[in-house]
Amino acid sequence: MVTSESNLTPSVRRPLSFDEMRALARKIRRDIITMIGTAGSGHPGGSLSAVEILVALYFRIMKYDPANPRWEERDRFILSKGHAAPVLYATLCAAGYLPEEELYTLRKIDSRLQGHPECTRTPGVEMSAGALGQGLSFGVGVALNGRLDGRDYYTYVLLGDGECDEGQVWEAAMAGAHWKLDHLIAIVDKNGLQIDGWTKDVMNIDPLDEKFRSFNWHVLQAQGNDIEDMVNALENARRMRGKPTVIIAHTVKGRGVSFMENNPDFHGKAPSAEELKKALKELE
C-alpha cells in the first residue's frame, strides 16, 4: 500500500525542560531584536510579549513535523496578530522549519519572511495575515474541517488584545461556541497596549473574561510570560469538552528589553544600532 506523504508519522521529539524552554525564550528574544534591527523595520513590542506563549506551544504542547509541514494530523497554530511575525519566524527556526541565517532576510525583497506571514511561501505558516481580526474566523474553519475529516488535531489562534476591538472576532467567537468546537483554543496576548496607546483608553475590552463566558466559551487566565503557567493553562484547555476555550494571557509588551517594556513607541519601530546593542546586552 502506498502511503501519502501527508499521513506519515513525524519523528518523536524530546520535550524540553522548563529551564531549557526559558533559555530558548531568551534566544528567541535575541533573534527577534536582531531580525528587526537588521531589517530596520518591524514590530518588536507584540513579538516580545508573545515569546513564552509560542515556546510553550511548540516545545511542550503541539504535535507537528518540520520535515513534513503539511502533515495532516499536525496541530495548527494561527497567528492572527500577523504583525508579530518575527516571534513566529524565530520559533519556527528553533523548531526546525527554517535555517537560522534566513531569519536575517526579514522584510527583504524576495525573502520568504515578509512583514506579515504568508502561508504560500513559508513552511509552518498556516494563514497569511495582514488585516487584524480574521484569525479566529479562520481558526473556526480549520477546527470544523478537522471535525468533518475525523481528525484529532487542535487549532490554536493567537490574538492581540487590541485586535479584539474588531467585530469579526466576536462573530467568530459566537460561531465557535455554536459548533461546540472543543479542539479550538484561542489565546489573547493581553499586554494592554496597541498602536495608539493603552487598550483601556483606545477601546476598553474589559471585562474580557466575562465577554467570552457570555459567548459560551471556557475561560482560563494565565501569566503569559511564565512558561510553566502557560503550559498548565494549555494542558487544561486541551481537556475541555463541549465548548471552545480562550486563555487570557497577561503579558508585558516589549518583555525583556527595559526601554521597550510597556512603551507604545515600540509597537512598530525598529531599534537603532545603539538600541540594538543595548537590548542584546540586556538579553544575554
# chains A, B, ... in the order shown; residues from 1 in each chain; ligands from 1
>>> residues_around(residues="segment 111-124 of chain A", least_positions_apart="3", cutoff="7 Å", atoms="only C-alpha atoms", output="PyMOL selection string")
chain A and resi 42+69+82-83+85+92+97+105-108+127-130
>>> write_last_selection(atoms="C-alpha atoms", output="JSON list (two decimals), in the first residue's frame")
[["chain", "number", "residue", "atom", "x", "y", "z"],
["A", 42, "GLY", "CA", 9.11, 45.63, 12.18],
["A", 69, "PRO", "CA", 4.91, 20.83, 7.29],
["A", 82, "GLY", "CA", 0.22, 38.98, 11.98],
["A", 83, "HIS", "CA", 2.47, 41.99, 12.66],
["A", 85, "ALA", "CA", 5.59, 37.69, 12.55],
["A", 92, "LEU", "CA", 9.76, 28.14, 13.53],
["A", 97, "TYR", "CA", 11.39, 24.73, 9.89],
["A", 105, "THR", "CA", 16.33, 38.24, 5.49],
["A", 106, "LEU", "CA", 13.24, 39.60, 7.29],
["A", 107, "ARG", "CA", 11.30, 42.07, 5.10],
["A", 108, "LYS", "CA", 13.82, 41.90, 2.24],
["A", 127, "MET", "CA", -2.56, 31.58, 7.44],
["A", 128, "SER", "CA", -1.50, 34.66, 5.53],
["A", 129, "ALA", "CA", -2.10, 37.50, 7.97],
["A", 130, "GLY", "CA", -2.44, 41.23, 7.47]]
>>> residues_around(residues="Gly254 of chain A", least_positions_apart="3", cutoff="6 Å", atoms="only C-alpha atoms", output="MDAnalysis selection string")
chainID A and resid 45 48:49 260:261
>>> select_by_dssp(residues="segment 69-284 of chain A", states="strand (DSSP E)", output="ChimeraX atom specification")
/A:76-79,155-160,184-190,193-194,197-198,218-223,245-250
>>> residues_around(residues="Leu184 of chain A", least_positions_apart="4", cutoff="7 Å", atoms="only C-alpha atoms", output="ChimeraX atom specification")
/A:143,154-156,244-245
>>> write_last_selection(atoms="N, CA and C atoms", output="mmCIF file, in the first residue's frame")
data_model
loop_
_atom_site.group_PDB
_atom_site.id
_atom_site.type_symbol
_atom_site.label_atom_id
_atom_site.label_comp_id
_atom_site.auth_asym_id
_atom_site.auth_seq_id
_atom_site.Cartn_x
_atom_site.Cartn_y
_atom_site.Cartn_z
ATOM 1 N N ALA A 143 -10.884 24.275 12.504
ATOM 2 C CA ALA A 143 -11.379 23.333 13.508
ATOM 3 C C ALA A 143 -12.572 22.539 12.967
ATOM 4 N N TYR A 154 -5.607 19.851 17.194
ATOM 5 C CA TYR A 154 -6.085 21.068 17.855
ATOM 6 C C TYR A 154 -5.702 22.282 17.002
ATOM 7 N N THR A 155 -6.514 23.308 17.088
ATOM 8 C CA THR A 155 -6.264 24.566 16.396
ATOM 9 C C THR A 155 -6.074 25.655 17.436
ATOM 10 N N TYR A 156 -4.919 26.308 17.391
ATOM 11 C CA TYR A 156 -4.583 27.379 18.331
ATOM 12 C C TYR A 156 -4.529 28.699 17.571
ATOM 13 N N PRO A 244 -15.400 25.680 23.032
ATOM 14 C CA PRO A 244 -14.025 26.165 22.812
ATOM 15 C C PRO A 244 -13.488 26.845 24.069
ATOM 16 N N THR A 245 -12.181 26.990 24.104
ATOM 17 C CA THR A 245 -11.509 27.609 25.256
ATOM 18 C C THR A 245 -10.737 28.833 24.798
#
>>> atom_distance(atom1="atom CA of His250 of chain A", atom2="atom CA of Leu103 of chain A")
27.4 Å
>>> closest_atom_pairs(of="segment 87-175 of chain A", to="segment 201-222 of chain A", cutoff="8 Å", atoms="only C-alpha atoms", output="CSV")
residue,atom,partner,partner_atom,distance
A:Asp161,CA,A:Ile205,CA,7.8
A:Gly162,CA,A:Met203,CA,7.9
A:Cys164,CA,A:Ile205,CA,7.2
A:Asp165,CA,A:Met203,CA,6.7
A:Ala173,CA,A:Phe215,CA,6.7
A:Met174,CA,A:Phe215,CA,5.8
>>> residues_around(residues="segment 14-31 of chain A", least_positions_apart="6", cutoff="7 Å", atoms="only C-alpha atoms", output="list in words")
Leu48, Val51, Glu52, Val55, Phe59, Arg60, Ala90, Thr91, Glu228, Leu280 and Leu283 of chain A
>>> write_last_selection(atoms="N, CA and C atoms", output="compact mmCIF listing (two decimals), in the first residue's frame")
# COMPACT_ATOMS: atom_id res chain seq x y z
N LEU A 48 7.81 40.41 21.29
CA LEU A 48 8.46 40.07 22.55
C LEU A 48 7.46 39.61 23.61
N VAL A 51 6.53 35.61 23.35
CA VAL A 51 7.57 34.58 23.23
C VAL A 51 7.23 33.32 24.02
N GLU A 52 6.92 33.46 25.30
CA GLU A 52 6.66 32.27 26.12
C GLU A 52 5.43 31.51 25.64
N VAL A 55 6.73 29.41 22.76
CA VAL A 55 7.65 28.38 23.25
C VAL A 55 6.86 27.26 23.93
N PHE A 59 7.15 23.67 22.02
CA PHE A 59 8.14 22.81 22.66
C PHE A 59 7.60 22.02 23.85
N ARG A 60 6.25 22.01 24.01
CA ARG A 60 5.66 21.17 25.04
C ARG A 60 4.27 20.66 24.63
N ALA A 90 11.08 33.24 14.37
CA ALA A 90 12.15 32.81 15.26
C ALA A 90 11.81 31.47 15.92
N THR A 91 10.53 31.26 16.24
CA THR A 91 10.11 30.00 16.83
C THR A 91 10.15 28.88 15.81
N GLU A 228 5.76 27.93 32.61
CA GLU A 228 5.06 26.87 33.33
C GLU A 228 3.58 27.16 33.43
N LEU A 280 20.44 43.71 23.19
CA LEU A 280 21.12 42.41 23.18
C LEU A 280 21.93 42.21 24.46
N LEU A 283 19.65 41.04 27.09
CA LEU A 283 19.11 39.69 26.84
C LEU A 283 20.18 38.61 26.91
>>> residues_around(residues="Glu73 of chain A", least_positions_apart="6", cutoff="8 Å", atoms="only C-alpha atoms", output="list of chain:residue names")
A:Asn7, A:Tyr64, A:Arg151, A:Asp152, A:Tyr153
>>> atom_distance(atom1="atom CA of Arg70 of chain A", atom2="atom CA of Tyr58 of chain A")
15.7 Å
>>> closest_residue(among="A:Ala84, A:Ile53, A:Ala177, A:Ile61", to="Ile248 of chain A", atoms="only C-alpha atoms")
A:Ile53
>>> closest_residue(among="A:Val157, A:Arg13, A:Pro264, A:Ile32", to="Leu276 of chain A", atoms="only C-alpha atoms")
A:Ile32
>>> atom_distance(atom1="atom CA of Cys93 of chain A", atom2="atom CA of Ile33 of chain A")
14.7 Å
>>> closest_residue(among="A:Leu79, A:Lys269, A:Glu102, A:Gly176", to="Ala131 of chain A", atoms="only C-alpha atoms")
A:Leu79
>>> closest_residue(among="A:Asn68, A:Ser258, A:Ser47, A:Gln223", to="Leu158 of chain A", atoms="only C-alpha atoms")
A:Ser47
